[in-house]
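Source file protein-v3.tsv; content: TSV, C-alpha atoms and all ligand atoms.
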```
chain	number	residue	atom	x	y	z
A	228	MET	CA	0.35	3.98	4.00
A	229	THR	CA	-1.68	1.44	5.95
A	230	ALA	CA	-5.17	1.27	4.42
A	231	ILE	CA	-6.81	-0.94	7.02
A	232	ASN	CA	-5.52	-1.31	10.55
A	233	ILE	CA	-7.22	-3.60	13.03
A	234	GLN	CA	-5.66	-3.75	16.46
A	235	ASN	CA	-6.72	-6.14	19.23
A	236	LEU	CA	-10.36	-5.87	18.16
A	237	THR	CA	-12.75	-7.67	20.48
A	238	LYS	CA	-16.52	-8.10	20.48
A	239	ASP	CA	-17.69	-10.79	22.84
A	240	TYR	CA	-21.30	-11.89	22.21
A	241	GLY	CA	-21.06	-14.50	24.98
A	242	ASN	CA	-20.93	-18.29	24.63
A	243	HIS	CA	-17.50	-17.98	22.94
A	244	LYS	CA	-19.16	-16.17	20.04
A	245	GLY	CA	-17.80	-12.98	18.50
A	246	ILE	CA	-14.24	-11.88	17.73
A	247	PHE	CA	-11.32	-11.88	20.14
A	248	ASP	CA	-8.13	-9.82	19.97
A	249	VAL	CA	-8.20	-9.65	16.18
A	250	SER	CA	-5.25	-7.78	14.67
A	251	PHE	CA	-4.12	-7.41	11.07
A	252	GLN	CA	-3.17	-4.69	8.62
A	253	ILE	CA	-3.66	-4.12	4.92
A	254	GLU	CA	-1.22	-1.86	3.12
A	255	GLU	CA	-2.05	0.44	0.23
A	256	GLY	CA	-2.33	-1.55	-3.01
A	257	GLU	CA	-2.67	-4.85	-1.22
A	258	VAL	CA	-5.40	-7.45	-1.68
A	259	VAL	CA	-6.05	-9.59	1.38
A	260	GLY	CA	-8.34	-12.59	1.46
A	261	PHE	CA	-10.34	-13.26	4.61
A	262	LEU	CA	-11.09	-16.93	5.06
A	263	GLY	CA	-12.85	-18.86	7.75
A	264	PRO	CA	-15.69	-21.30	8.26
A	265	ASN	CA	-19.29	-20.22	8.87
A	266	GLY	CA	-19.64	-18.24	12.07
A	267	ALA	CA	-15.87	-17.65	12.41
A	268	GLY	CA	-16.21	-13.87	12.73
A	269	LYS	CA	-15.58	-12.45	9.25
A	270	THR	CA	-18.78	-10.41	8.99
A	271	THR	CA	-18.41	-9.23	12.60
A	272	THR	CA	-14.90	-7.92	11.82
A	273	ILE	CA	-16.16	-6.27	8.62
A	274	ARG	CA	-19.07	-4.63	10.47
A	275	HIS	CA	-16.54	-2.95	12.76
A	276	LEU	CA	-14.62	-1.64	9.75
A	277	LEU	CA	-17.82	-0.07	8.44
A	278	GLY	CA	-18.61	1.60	11.74
A	279	PHE	CA	-21.80	-0.46	12.20
A	280	SER	CA	-20.56	-2.00	15.42
A	281	LYS	CA	-18.71	-0.42	18.36
A	282	PRO	CA	-15.64	-2.34	19.55
A	283	GLN	CA	-15.69	-3.61	23.12
A	284	SER	CA	-11.95	-3.16	23.08
A	285	GLY	CA	-9.30	-2.54	20.45
A	286	THR	CA	-9.58	-0.37	17.37
A	287	ALA	CA	-10.38	-0.52	13.68
A	288	ALA	CA	-9.13	2.16	11.29
A	289	VAL	CA	-9.48	2.77	7.55
A	290	LEU	CA	-7.01	5.22	5.97
A	291	GLN	CA	-6.00	6.12	9.52
A	292	LEU	CA	-9.52	7.23	10.38
A	293	ASN	CA	-11.27	5.61	13.32
A	294	CYS	CA	-14.08	3.36	12.05
A	295	TRP	CA	-16.44	4.10	14.92
A	296	ASN	CA	-15.96	7.88	15.22
A	297	GLU	CA	-15.11	8.86	11.66
A	298	SER	CA	-17.17	6.47	9.54
A	299	LYS	CA	-18.82	9.30	7.57
A	300	GLU	CA	-15.45	10.51	6.27
A	301	ILE	CA	-14.38	6.92	5.61
A	302	GLN	CA	-17.50	6.30	3.44
A	303	LYS	CA	-16.17	8.74	0.82
A	304	HIS	CA	-13.18	6.51	0.17
A	305	LEU	CA	-14.74	3.12	0.78
A	306	GLY	CA	-16.62	0.67	-1.40
A	307	TYR	CA	-18.57	-1.99	0.43
A	308	LEU	CA	-20.27	-5.08	-0.89
A	309	PRO	CA	-22.28	-6.81	1.85
A	310	ALA	CA	-22.77	-10.57	2.00
A	311	GLU	CA	-26.51	-10.08	2.05
A	312	MET	CA	-27.95	-6.99	0.45
A	313	ALA	CA	-31.16	-5.40	1.58
A	314	PHE	CA	-32.35	-3.69	-1.58
A	315	PRO	CA	-35.37	-1.41	-1.87
A	316	GLU	CA	-37.52	-3.78	-3.92
A	317	ASN	CA	-39.67	-1.14	-5.58
A	318	MET	CA	-36.80	0.25	-7.65
A	319	THR	CA	-35.21	-0.92	-10.87
A	320	GLY	CA	-31.49	-1.64	-10.90
A	321	THR	CA	-30.87	1.57	-12.85
A	322	GLN	CA	-32.84	3.63	-10.33
A	323	LEU	CA	-30.88	2.13	-7.44
A	324	ILE	CA	-27.55	2.79	-9.15
A	325	GLN	CA	-28.61	6.41	-9.86
A	326	HIS	CA	-29.88	6.81	-6.29
A	327	THR	CA	-26.58	5.48	-4.86
A	328	ALA	CA	-24.63	7.84	-7.12
A	329	LYS	CA	-26.73	10.77	-5.92
A	330	MET	CA	-26.20	9.84	-2.26
A	331	ARG	CA	-22.48	9.82	-2.91
A	332	GLY	CA	-22.65	13.17	-4.71
A	333	LEU	CA	-21.36	11.44	-7.84
A	334	ARG	CA	-22.27	13.13	-11.13
A	335	ASP	CA	-20.13	11.17	-13.53
A	336	LEU	CA	-21.71	7.75	-14.14
A	337	LYS	CA	-19.08	6.62	-16.65
A	338	ARG	CA	-17.56	4.05	-14.30
A	339	SER	CA	-21.01	2.62	-13.46
A	340	GLN	CA	-21.69	2.23	-17.16
A	341	GLN	CA	-18.36	0.46	-17.66
A	342	LEU	CA	-19.15	-1.94	-14.82
A	343	ILE	CA	-22.68	-2.59	-16.15
A	344	GLU	CA	-21.16	-3.50	-19.51
A	345	MET	CA	-18.34	-5.52	-17.97
A	346	PHE	CA	-20.84	-7.70	-16.07
A	347	ASN	CA	-23.38	-7.78	-18.89
A	348	LEU	CA	-26.08	-6.49	-16.54
A	349	ASP	CA	-29.56	-5.50	-17.67
A	350	SER	CA	-30.12	-2.96	-14.90
A	351	SER	CA	-33.48	-1.82	-16.28
A	352	ALA	CA	-35.33	-4.71	-14.58
A	353	PRO	CA	-37.14	-4.18	-11.27
A	354	ILE	CA	-34.96	-5.48	-8.42
A	355	LYS	CA	-37.72	-7.72	-7.09
A	356	ARG	CA	-37.69	-9.65	-10.37
A	357	MET	CA	-33.91	-9.96	-10.49
A	358	SER	CA	-32.09	-13.26	-9.94
A	359	LYS	CA	-29.55	-13.56	-7.10
A	360	GLY	CA	-26.69	-13.11	-9.57
A	361	MET	CA	-28.25	-9.98	-11.10
A	362	LYS	CA	-28.72	-8.43	-7.67
A	363	GLN	CA	-25.10	-9.26	-6.88
A	364	LYS	CA	-24.02	-7.42	-10.04
A	365	VAL	CA	-26.03	-4.35	-8.98
A	366	GLY	CA	-24.22	-4.54	-5.61
A	367	ILE	CA	-20.85	-4.72	-7.38
A	368	VAL	CA	-21.67	-1.65	-9.51
A	369	CYS	CA	-22.70	0.29	-6.37
A	370	ALA	CA	-19.53	-0.76	-4.48
A	371	PHE	CA	-17.07	0.17	-7.26
A	372	MET	CA	-18.87	3.10	-8.99
A	373	HIS	CA	-17.09	5.93	-7.13
A	374	ASP	CA	-13.61	4.50	-7.67
A	375	PRO	CA	-12.94	4.10	-3.92
A	376	LYS	CA	-9.43	3.74	-2.50
A	377	VAL	CA	-10.45	0.92	-0.18
A	378	LEU	CA	-12.83	-1.95	-0.94
A	379	ILE	CA	-14.39	-4.32	1.56
A	380	LEU	CA	-16.10	-7.22	-0.14
A	381	ASP	CA	-18.03	-9.84	1.82
A	382	GLU	CA	-18.38	-12.97	-0.31
A	383	PRO	CA	-18.46	-10.94	-3.52
A	384	THR	CA	-19.16	-13.67	-6.06
A	385	THR	CA	-22.15	-15.25	-4.32
A	386	GLY	CA	-24.68	-16.07	-7.03
A	387	LEU	CA	-22.36	-15.25	-9.95
A	388	ASP	CA	-21.92	-17.92	-12.60
A	389	PRO	CA	-18.37	-19.15	-13.38
A	390	LEU	CA	-17.97	-16.76	-16.32
A	391	MET	CA	-18.98	-13.78	-14.19
A	392	GLN	CA	-16.74	-15.01	-11.37
A	393	SER	CA	-13.81	-14.79	-13.74
A	394	VAL	CA	-14.91	-11.28	-14.83
A	395	PHE	CA	-14.91	-10.38	-11.14
A	396	VAL	CA	-11.38	-11.79	-10.64
A	397	GLN	CA	-10.30	-9.64	-13.60
A	398	LEU	CA	-11.91	-6.57	-12.00
A	399	ILE	CA	-10.02	-7.19	-8.74
A	400	ARG	CA	-6.74	-7.51	-10.63
A	401	GLU	CA	-7.40	-4.21	-12.43
A	402	GLU	CA	-8.27	-2.45	-9.17
A	403	LYS	CA	-5.09	-3.80	-7.60
A	404	GLN	CA	-3.11	-2.43	-10.55
A	405	LYS	CA	-4.64	0.96	-9.78
A	406	GLY	CA	-3.30	0.71	-6.22
A	407	LYS	CA	-6.57	-0.06	-4.43
A	408	SER	CA	-6.54	-1.81	-1.07
A	409	ILE	CA	-8.98	-4.68	-0.82
A	410	LEU	CA	-10.26	-6.95	1.93
A	411	MET	CA	-12.26	-9.81	0.50
A	412	SER	CA	-13.98	-12.58	2.40
A	413	SER	CA	-14.68	-15.67	0.40
A	414	HIS	CA	-15.26	-19.38	0.61
A	415	LEU	CA	-13.88	-19.87	-2.91
A	416	PHE	CA	-10.25	-20.88	-2.63
A	417	GLU	CA	-9.46	-20.37	-6.30
A	418	GLU	CA	-10.84	-16.84	-6.24
A	419	ILE	CA	-8.67	-15.98	-3.24
A	420	GLU	CA	-5.66	-17.74	-4.70
A	421	GLY	CA	-6.05	-15.91	-8.02
A	422	THR	CA	-6.24	-12.41	-6.56
A	423	CYS	CA	-4.81	-12.06	-3.05
A	424	ASP	CA	-1.35	-11.04	-1.85
A	425	ARG	CA	-2.00	-12.38	1.63
A	426	ILE	CA	-4.64	-14.48	3.30
A	427	ALA	CA	-5.88	-13.97	6.84
A	428	MET	CA	-7.53	-17.02	8.36
A	429	ILE	CA	-9.99	-16.70	11.21
A	430	LYS	CA	-11.38	-19.47	13.37
A	431	GLN	CA	-13.71	-19.20	16.36
A	432	GLY	CA	-13.23	-15.43	16.41
A	433	LYS	CA	-9.42	-15.52	16.44
A	434	ILE	CA	-6.94	-14.92	13.65
A	435	ILE	CA	-5.06	-18.19	13.42
A	436	SER	CA	-2.77	-17.31	10.55
A	437	VAL	CA	-1.78	-14.66	8.03
A	438	ILE	CA	-0.02	-16.20	5.03
A	439	LYS	CA	1.60	-14.69	1.96
A	440	ALA	CA	-0.09	-16.08	-1.16
A	441	GLN	CA	3.29	-16.72	-2.80
A	442	GLU	CA	4.00	-19.24	-0.03
A	443	PHE	CA	1.68	-21.58	-1.88
A	444	ASN	CA	3.84	-21.51	-4.97
A	445	ASN	CA	7.01	-21.98	-2.95
A	446	VAL	CA	6.10	-25.08	-1.02
A	447	GLU	CA	9.27	-27.16	-1.04
A	448	LYS	CA	7.47	-30.42	-1.49
A	449	THR	CA	5.78	-32.09	-4.40
A	450	THR	CA	3.04	-34.68	-4.40
A	451	PHE	CA	2.62	-37.33	-7.07
A	452	LYS	CA	-0.16	-39.80	-7.68
A	453	VAL	CA	1.46	-42.95	-9.09
A	454	THR	CA	-0.40	-45.92	-10.58
A	455	PHE	CA	1.46	-49.23	-10.74
A	456	GLN	CA	0.94	-52.12	-13.13
A	457	ASN	CA	1.30	-54.95	-10.61
A	458	PRO	CA	0.76	-55.49	-6.88
A	459	GLU	CA	4.44	-56.42	-6.28
A	460	ASP	CA	5.74	-53.02	-7.43
A	461	PHE	CA	2.85	-51.28	-5.65
A	462	GLN	CA	3.88	-53.05	-2.41
A	463	SER	CA	7.65	-52.76	-2.72
A	464	ILE	CA	7.77	-48.97	-3.16
A	465	GLN	CA	5.92	-48.61	0.14
A	466	HIS	CA	9.03	-49.99	1.88
A	467	ASP	CA	11.14	-47.22	0.34
A	468	ILE	CA	12.09	-43.93	2.05
A	469	PHE	CA	9.24	-41.87	0.59
A	470	LYS	CA	6.30	-40.52	2.50
A	471	ILE	CA	3.13	-42.24	1.33
A	472	SER	CA	0.15	-40.03	2.15
A	473	GLU	CA	-2.60	-42.14	0.53
A	474	ILE	CA	-2.93	-45.79	-0.44
A	475	HIS	CA	-5.59	-46.92	-2.94
A	476	LYS	CA	-5.19	-50.68	-2.92
A	477	GLU	CA	-7.77	-51.57	-5.58
A	478	GLY	CA	-6.43	-49.15	-8.17
A	479	LEU	CA	-2.78	-49.91	-7.25
A	480	GLN	CA	-2.36	-46.20	-6.68
A	481	LEU	CA	-0.19	-44.34	-4.18
A	482	VAL	CA	0.05	-40.67	-3.35
A	483	ILE	CA	3.73	-40.00	-2.69
A	484	GLU	CA	4.95	-36.80	-1.07
A	485	ILE	CA	8.57	-35.86	-1.58
A	486	LYS	CA	10.86	-32.98	-0.70
A	487	ASP	CA	12.21	-31.36	-3.86
A	488	THR	CA	15.68	-32.76	-3.01
A	489	GLN	CA	14.27	-36.31	-3.26
A	490	LEU	CA	13.11	-36.01	-6.87
A	491	ASN	CA	16.04	-37.94	-8.37
A	492	ASP	CA	15.66	-40.70	-5.78
A	493	LEU	CA	12.00	-41.07	-6.69
A	494	ILE	CA	12.72	-41.16	-10.43
A	495	ARG	CA	15.37	-43.86	-9.88
A	496	ALA	CA	13.04	-45.90	-7.67
A	497	LEU	CA	10.15	-45.69	-10.13
A	498	ALA	CA	12.38	-46.49	-13.11
A	499	ALA	CA	12.86	-49.98	-11.65
A	500	LYS	CA	9.08	-50.58	-11.48
A	501	ASN	CA	6.26	-50.97	-13.97
A	502	VAL	CA	4.43	-47.69	-13.73
A	503	ILE	CA	1.24	-46.89	-15.66
A	504	SER	CA	0.99	-43.20	-14.83
A	505	ILE	CA	2.51	-40.41	-12.74
A	506	ARG	CA	0.49	-37.31	-12.07
A	507	GLU	CA	1.72	-34.28	-10.12
A	508	MET	CA	-0.83	-33.03	-7.61
A	509	LYS	CA	-0.81	-29.29	-7.03
A	510	TYR	CA	-0.52	-28.28	-3.40
A	511	SER	CA	-3.26	-25.69	-3.31
A	512	LEU	CA	-4.57	-23.08	-0.95
A	513	GLU	CA	-7.48	-25.43	-0.40
A	514	ASP	CA	-5.16	-28.13	0.99
A	515	ASN	CA	-3.52	-25.54	3.21
A	516	PHE	CA	-6.88	-24.26	4.36
A	517	MET	CA	-8.02	-27.77	5.22
A	518	ASN	CA	-4.78	-28.38	7.14
A	519	PHE	CA	-5.45	-25.28	9.22
A	520	TYR	CA	-8.88	-26.48	10.09
A	521	ARG	CA	-7.60	-29.89	11.01
A	522	GLY	CA	-5.35	-28.08	13.48
A	523	GLU	CA	-2.04	-28.26	11.60
A	524	ASN	CA	0.34	-25.53	10.39
A	525	HIS	CA	-0.56	-22.73	12.75
A	526	ASP	CA	2.44	-20.69	11.64
A	527	HIS	CA	2.33	-16.94	11.50
A	528	VAL	CA	3.96	-15.75	8.32
A	529	GLN	CA	3.34	-12.02	8.00
B	601	LIG	N1	-25.43	-9.39	16.98
B	601	LIG	C1	-25.03	-10.59	17.39
B	601	LIG	N2	-25.41	-11.08	18.59
B	601	LIG	C2	-25.01	-12.29	19.02
B	601	LIG	N3	-24.21	-13.11	18.30
B	601	LIG	C3	-23.80	-12.70	17.10
B	601	LIG	C4	-24.19	-11.42	16.57
B	601	LIG	N4	-23.63	-11.26	15.34
B	601	LIG	C5	-22.92	-12.41	15.11
B	601	LIG	N5	-23.03	-13.25	16.15
B	601	LIG	C6	-22.34	-14.57	16.28
B	601	LIG	O1	-20.94	-14.35	16.17
B	601	LIG	C7	-20.32	-15.40	15.41
B	601	LIG	C8	-19.59	-14.82	14.22
B	601	LIG	O2	-20.52	-14.48	13.20
B	601	LIG	P1	-20.13	-13.84	11.79
B	601	LIG	O3	-21.40	-13.47	11.10
B	601	LIG	O4	-19.13	-12.77	12.00
B	601	LIG	O5	-19.43	-15.09	11.06
B	601	LIG	P2	-18.89	-15.21	9.56
B	601	LIG	O6	-17.45	-15.63	9.67
B	601	LIG	O7	-19.19	-14.00	8.78
B	601	LIG	O8	-19.75	-16.46	9.05
B	601	LIG	P3	-20.37	-16.81	7.58
B	601	LIG	O9	-19.25	-17.43	6.77
B	601	LIG	O10	-21.40	-17.84	7.95
B	601	LIG	O11	-20.96	-15.58	7.00
B	601	LIG	C9	-21.43	-16.37	15.06
B	601	LIG	O12	-21.44	-17.39	16.02
B	601	LIG	C10	-22.69	-15.53	15.14
B	601	LIG	O13	-23.81	-16.33	15.49
```

Please, can you express the file's structure as structure tokens?
Amino acid sequence: MTAINIQNLTKDYGNHKGIFDVSFQIEEGEVVGFLGPNGAGKTTTIRHLLGFSKPQSGTAAVLQLNCWNESKEIQKHLGYLPAEMAFPENMTGTQLIQHTAKMRGLRDLKRSQQLIEMFNLDSSAPIKRMSKGMKQKVGIVCAFMHDPKVLILDEPTTGLDPLMQSVFVQLIREEKQKGKSILMSSHLFEEIEGTCDRIAMIKQGKIISVIKAQEFNNVEKTTFKVTFQNPEDFQSIQHDIFKISEIHKEGLQLVIEIKDTQLNDLIRALAAKNVISIREMKYSLEDNFMNFYRGENHDHVQ
């Protein structure tokens, strides 16, 4: 079943701001990362999924329910973590968690307790005295406490320290195992890379690409940083057939990009030179992301 279905969604705020003809789907059990620079339209898209904003044209549906007309029904099956939370400051974390549970008609607080322990959260403190990270943990508990089928997470690890970020990645993996469908916006490439099945990239309100995460592991090219012992070898390899993507003259270093079929040629060429070190450089999601924003690789791989 399709968990999230966005079709030709448009909200034009004027001055080329907003979202334009946005379409993508998330299947049951799928985790999709939502990437894009500041102001690209991620939160606007998410606000439509939550029924906070009425589409000018197009539709947004969660579990085949219309987000604008049927948002109350959707809420029962949805966990939402906003990018910026507006908490009632006069409550403690525990009170807010209990209040949220009550609003949801949730009697069993076992899952909340598990999450509190998982994130090592002291929820007894008043929210107004909590650090950004603590507030974020309270938000995570509230979003996941009712074991929702669909999760929409807007920059979920904002304020979390690296240890807690890895606890969060673990939580996402566990939820995925349980068959949950997750849309997660993030600026952290490693977080997206470590959890997502696909990545939707948005720029200036338009989806510019939807990529399968496994594509990143299957790139048929490898990049090596090679340091040479003398300027002669450093110079001569540059006349060879290989693509040189960076030249660091002072350090006698080259970044060489080869197709996997050229590996033996490279080994033979380097064997004839005095080489100090060879280091493989991982082609990461971050490189791919940067390429997109430089205007390259606008492929649609669904
Ligand atoms: N209610 C509104 N009225 C007018 N313009 C708006 C409104 N809401 C958002 N915008 C504009 O629409 C664009 C998209 O904003 P949005 O918040 O969706 O971006 P985002 O991708 O979530 O960015 P960030 O990574 O900074 O959170 C921005 O240029 C923003 O200023």

Nearby residues, ligand LIG 601 (chain B), 10 Å, all atoms listed in the file, as number ranges by chain: A: 238-246, 261-274, 280, 310-311, 381-382, 412-414, 429-432

Neighbours of Phe395 of chain A within 12 Å (all atoms listed in the file; same-chain residues fewer than 3 positions away dropped), as a CSV table (one decimal) with C-alpha atoms, in the coordinates of the input?
```
chain,number,residue,atom,x,y,z
A,342,LEU,CA,-19.2,-1.9,-14.8
A,345,MET,CA,-18.3,-5.5,-18.0
A,346,PHE,CA,-20.8,-7.7,-16.1
A,347,ASN,CA,-23.4,-7.8,-18.9
A,363,GLN,CA,-25.1,-9.3,-6.9
A,364,LYS,CA,-24.0,-7.4,-10.0
A,367,ILE,CA,-20.8,-4.7,-7.4
A,368,VAL,CA,-21.7,-1.6,-9.5
A,371,PHE,CA,-17.1,0.2,-7.3
A,380,LEU,CA,-16.1,-7.2,-0.1
A,382,GLU,CA,-18.4,-13.0,-0.3
A,383,PRO,CA,-18.5,-10.9,-3.5
A,384,THR,CA,-19.2,-13.7,-6.1
A,385,THR,CA,-22.2,-15.2,-4.3
A,387,LEU,CA,-22.4,-15.2,-10.0
A,388,ASP,CA,-21.9,-17.9,-12.6
A,389,PRO,CA,-18.4,-19.2,-13.4
A,390,LEU,CA,-18.0,-16.8,-16.3
A,391,MET,CA,-19.0,-13.8,-14.2
A,392,GLN,CA,-16.7,-15.0,-11.4
A,398,LEU,CA,-11.9,-6.6,-12.0
A,399,ILE,CA,-10.0,-7.2,-8.7
A,400,ARG,CA,-6.7,-7.5,-10.6
A,401,GLU,CA,-7.4,-4.2,-12.4
A,402,GLU,CA,-8.3,-2.4,-9.2
A,411,MET,CA,-12.3,-9.8,0.5
A,418,GLU,CA,-10.8,-16.8,-6.2
A,419,ILE,CA,-8.7,-16.0,-3.2
A,421,GLY,CA,-6.0,-15.9,-8.0
A,422,THR,CA,-6.2,-12.4,-6.6
```

Using all atoms listed in the file, which of A:Leu276, A:Val259, A:Ile231, A:Leu493 sits nearest Gln291 of chain A?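 Selected residue with least distance to Gln291 of chain A: A:Ile231.
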
Record the distance separating atom CA of Asn457 of chain A and atom CA of Val482 of chain A, expressed in Å with one decimal. 16.1 Å

Residue nearest Phe469 of chain A among A:Ala352, A:Met357, A:Leu497, A:Met228 (counting all atoms listed in the file):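 Among A:Ala352, A:Met357, A:Leu497, A:Met228, it is A:Leu497 that comes nearest to Phe469 of chain A.
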
Which residues come within 12 Å of Pro353 of chain A, counting all atoms listed in the file, excluding same-chain residues fewer than 6 positions away, as number ranges by chain? A: 314-323, 361-362, 365

Identify, on the basis of all atoms listed in the file, every residue whose closest approach to Lys448 of chain A does not exceed 6 Å; exclude the query and any residue fewer than 5 positions from it along the same chain; express the result as a PyMOL selection string. chain A and resi 485-487

Next, write the just-selected residues to a file, as a CSV table (one decimal), in the frame of the given file, keeping C-alpha atoms as the atom set.
```csv
chain,number,residue,atom,x,y,z
A,485,ILE,CA,8.6,-35.9,-1.6
A,486,LYS,CA,10.9,-33.0,-0.7
A,487,ASP,CA,12.2,-31.4,-3.9
```

Among the residues A:Lys500, A:Lys433, A:Lys403, A:Lys452, the one that comes closest to Val258 of chain A [using all atoms listed in the file]: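 Going through A:Lys500, A:Lys433, A:Lys403, A:Lys452 one by one, the smallest distance to Val258 of chain A is for A:Lys403.
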
As a tab-separated table (two decimals), in the frame of the given file, could you write out segment 286-302 of chain A once it has been completed with N, CA and C atoms?
```
chain	number	residue	atom	x	y	z
A	286	THR	N	-9.18	-1.40	18.33
A	286	THR	CA	-9.58	-0.37	17.37
A	286	THR	C	-9.59	-0.91	15.94
A	287	ALA	N	-10.39	-0.24	15.12
A	287	ALA	CA	-10.38	-0.52	13.68
A	287	ALA	C	-10.25	0.82	12.97
A	288	ALA	N	-9.32	0.91	12.02
A	288	ALA	CA	-9.13	2.16	11.29
A	288	ALA	C	-9.02	1.89	9.80
A	289	VAL	N	-9.61	2.81	9.01
A	289	VAL	CA	-9.48	2.77	7.55
A	289	VAL	C	-8.85	4.09	7.14
A	290	LEU	N	-7.76	4.03	6.39
A	290	LEU	CA	-7.01	5.22	5.97
A	290	LEU	C	-6.71	6.12	7.19
A	291	GLN	N	-6.35	5.47	8.26
A	291	GLN	CA	-6.00	6.12	9.52
A	291	GLN	C	-7.14	6.91	10.17
A	292	LEU	N	-8.35	6.63	9.74
A	292	LEU	CA	-9.52	7.23	10.38
A	292	LEU	C	-10.21	6.17	11.22
A	293	ASN	N	-10.64	6.56	12.41
A	293	ASN	CA	-11.27	5.61	13.32
A	293	ASN	C	-12.65	5.17	12.79
A	294	CYS	N	-12.85	3.88	12.69
A	294	CYS	CA	-14.08	3.36	12.05
A	294	CYS	C	-15.34	3.69	12.83
A	295	TRP	N	-15.24	3.81	14.13
A	295	TRP	CA	-16.44	4.10	14.92
A	295	TRP	C	-16.75	5.60	14.93
A	296	ASN	N	-15.72	6.44	15.10
A	296	ASN	CA	-15.96	7.88	15.22
A	296	ASN	C	-15.98	8.64	13.90
A	297	GLU	N	-15.29	8.08	12.90
A	297	GLU	CA	-15.11	8.86	11.66
A	297	GLU	C	-15.64	8.11	10.44
A	298	SER	N	-16.71	7.33	10.64
A	298	SER	CA	-17.17	6.47	9.54
A	298	SER	C	-17.72	7.29	8.36
A	299	LYS	N	-18.26	8.48	8.64
A	299	LYS	CA	-18.82	9.30	7.57
A	299	LYS	C	-17.72	9.72	6.58
A	300	GLU	N	-16.59	10.12	7.11
A	300	GLU	CA	-15.45	10.51	6.27
A	300	GLU	C	-14.92	9.28	5.51
A	301	ILE	N	-14.89	8.15	6.23
A	301	ILE	CA	-14.38	6.92	5.61
A	301	ILE	C	-15.24	6.53	4.40
A	302	GLN	N	-16.57	6.70	4.52
A	302	GLN	CA	-17.50	6.30	3.44
A	302	GLN	C	-17.11	6.87	2.08
```
